[in-house]
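In what follows, a single structure is set out as structure tokens and then discussed.
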Amino acid sequence: MLDLALLCFLPLLGGFLFVRGFLLTRYSTAREETARVYYRAAMFGAVLATVGLLAHNELRRAVPAYHALALQTETNIVTPLLAKPAAPAPAVATPSAPAAEVAAARVRAWIFWACTWGFLLGAATPVFNALMRILLWLVNALAMGAVALMRQFGWRPRGPLLSPIERLNRRAITDELERLLYEAMVRADSVQVSLDNQKVYVGIVTSIDPVGPAKHFTLQPLMSGGRNGDDRDVVYTSFYDKVIQAVQQAAPAQGEALLRRMALVVPIARVVTASGFDFDAFKRFSLARIKPKLRFKLQSNGQRVLQPQPKPSSASA
């Protein structure tokens, strides 16, 4: 005899397959703790089992072929598997005993169909994803059409236009470093990444794992360098953008191949710090540090002569 508790494991497995694979739940589930994933799988497994039982009853009522198949399955498979062990005959026969046995068999059949359908619906998650992708594509196409129409009237969006799936992933990210890298990839902004080997890269994030907690990301470097041993300032020594521009101007096809070869796959565990990077601000900041603050004195003949800066006194030093 098949135990009912073992049979109830099927909708739990179906709920786990659903929450781990369905587009609307996979991003948040991948970033949750294991215990919470089990709770969510149990909840969705119960929902799938309930929906499956309702669908089974409707199919049995509306489709004669399904009704015949279900009846044959209950007679040849369900009843032998879930039958109770034979009990000794009562001393006094009661007319309600056969009715109680029929009701118990019917309940066991409902449990069987609910658990079976709960697993089947969870295993059918790729089919639900295909339908959901079609629906999201239609929604995204309508949204892009509306944006294009509004642009004709002078409206300009403030932020990047994300697809529904990208918005789901963006909402599920909880780690601040992963969020910074993902936002930089979406906006095509440059970032500065410092690694644990004192190497520093500035570049564009081209890809990052969208489903679960990211373990690595791909960076298209623009320049790189390292930190000094004394003041820990960054000194850039390699400038990839000039090489890339020169190659692209000479041979555009080779430029695309060069970009792929120069891309870096950076493990997130090796990242010490990461921040946004603005080249205009970097140039201004660098010039402000290296440009001497000279003072000139205007003479009576209209010429300017360099005036030596006063040395700081001991009180101000």
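Identifiers in this document derive from the order of the structure tokens: chains are assigned A, B, ..., residues are numbered from 1 separately in each chain, and ligands are numbered from 1 in order of occurrence.
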
Close residues, Phe279 (chain A) itself excluded, 10 Å, only C-alpha atoms, min 6 positions apart in chain, as a VMD selection string: chain A and resid 190 202 285

Next, write the just-selected residues to a file, as a PDB file, in the first residue's frame, keeping C-alpha atoms as the atom set.
```pdb
ATOM      1  CA  SER A 190      31.374  53.135 -16.717  1.00  0.00           C
ATOM      2  CA  VAL A 202      37.597  51.148 -15.401  1.00  0.00           C
ATOM      3  CA  PHE A 285      40.113  65.995 -10.515  1.00  0.00           C
TER       4      PHE A 285
END
```

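Of all the residues in region 35-228 of chain A, the ones DSSP labels as strand (DSSP E or B) from the backbone are Ser190, Val191, Gln192, Val193, Ser194, Leu195, Lys199, Val200, Tyr201, Val202, Gly203, Ile204, Val205, Thr206, Ser207, Ile208, His216, Phe217, Thr218, Leu219, Gln220, Pro221, Leu222, Met223, Ser224, Gly225, Gly226 and Arg227 of chain A.
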
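Here CA of Arg232 (chain A) stands at a distance of 21.7 Å from CA of Leu177 (chain A).
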
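Among A:Thr116, A:Gln192, A:Ser28, A:Ser238, the residue with the shortest atom-to-atom distance to Leu219 (chain A), counting only C-alpha atoms, is A:Gln192.
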
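When only C-alpha atoms are used to measure the gap to Leu6 (chain A), the shortest distance among A:Met223, A:Ala68, A:Phe112, A:Ile165 belongs to A:Phe112.
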
Counting only C-alpha atoms, the residue of A:Tyr27, A:Tyr201, A:Phe16, A:Phe128 that sits nearest Asn169 (chain A): A:Tyr27

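The space between CA of Val200 (chain A) and CA of Ala184 (chain A) spans 16.9 Å.
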
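Those residues that approach region 133-145 of chain A to within 8 Å, counting only C-alpha atoms, are Asn129, Leu149, Ser163, Pro164 and Ile165 of chain A; same-chain residues fewer than 4 positions away are not listed.
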
Among listed residues A:His67, A:Met262, A:Thr273, A:Gln198, nearest Tyr236 (chain A) (using only C-alpha atoms): A:Gln198

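Neighbours of Leu53 (chain A) closer than or equal to 8 Å, with only C-alpha atoms counted and sequence neighbours fewer than 2 positions away skipped, come out as Ala49, Thr50, Val51, Ala55, His56, Asn57, Trp110, Trp113, Ala114 and Trp117 of chain A.
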
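For Val211 (chain A), the residues within 10 Å (counting only C-alpha atoms, excluding itself and residues fewer than 4 positions away along the chain) are Arg20, Gly21, Leu23, Arg26, Tyr27, Ser28, Thr29, Ala30, Arg31, Asn169, Ala172 and Ile173 of chain A.
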
Distance query Val235 (chain A) at most 7 Å, only C-alpha atoms, self and fewer than 4 positions along chain excluded, as a ChimeraX atom specification: /A:225-227

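Across the model, the gap from CA of Gly212 (chain A) to CA of Leu48 (chain A) is 24.1 Å.
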
Residues flagged alpha helix (DSSP H) by DSSP in region 18-204 of chain A, as a PyMOL selection string: chain A and resi 18-21+26-30+34-62+64-73+79-82+96-123+125-151+164-172+176-187

Would you mind listing what lies within 10 Å of Val265 (chain A) as an mmCIF file with C-alpha atoms, in the first residue's frame, with only C-alpha atoms counted and same-chain residues fewer than 4 positions away left out?
```cif
data_model
loop_
_atom_site.group_PDB
_atom_site.id
_atom_site.type_symbol
_atom_site.label_atom_id
_atom_site.label_comp_id
_atom_site.auth_asym_id
_atom_site.auth_seq_id
_atom_site.Cartn_x
_atom_site.Cartn_y
_atom_site.Cartn_z
ATOM 1 C CA VAL A 205 29.732 46.022 -17.508
ATOM 2 C CA THR A 206 28.479 43.947 -20.447
ATOM 3 C CA SER A 207 26.875 40.980 -18.654
ATOM 4 C CA ILE A 208 26.023 39.728 -15.185
ATOM 5 C CA HIS A 216 31.001 36.906 -11.706
ATOM 6 C CA PHE A 217 30.445 39.625 -14.284
ATOM 7 C CA THR A 218 31.966 40.586 -17.628
ATOM 8 C CA LEU A 219 33.759 43.914 -17.916
ATOM 9 C CA GLN A 220 34.829 45.675 -21.108
#
```
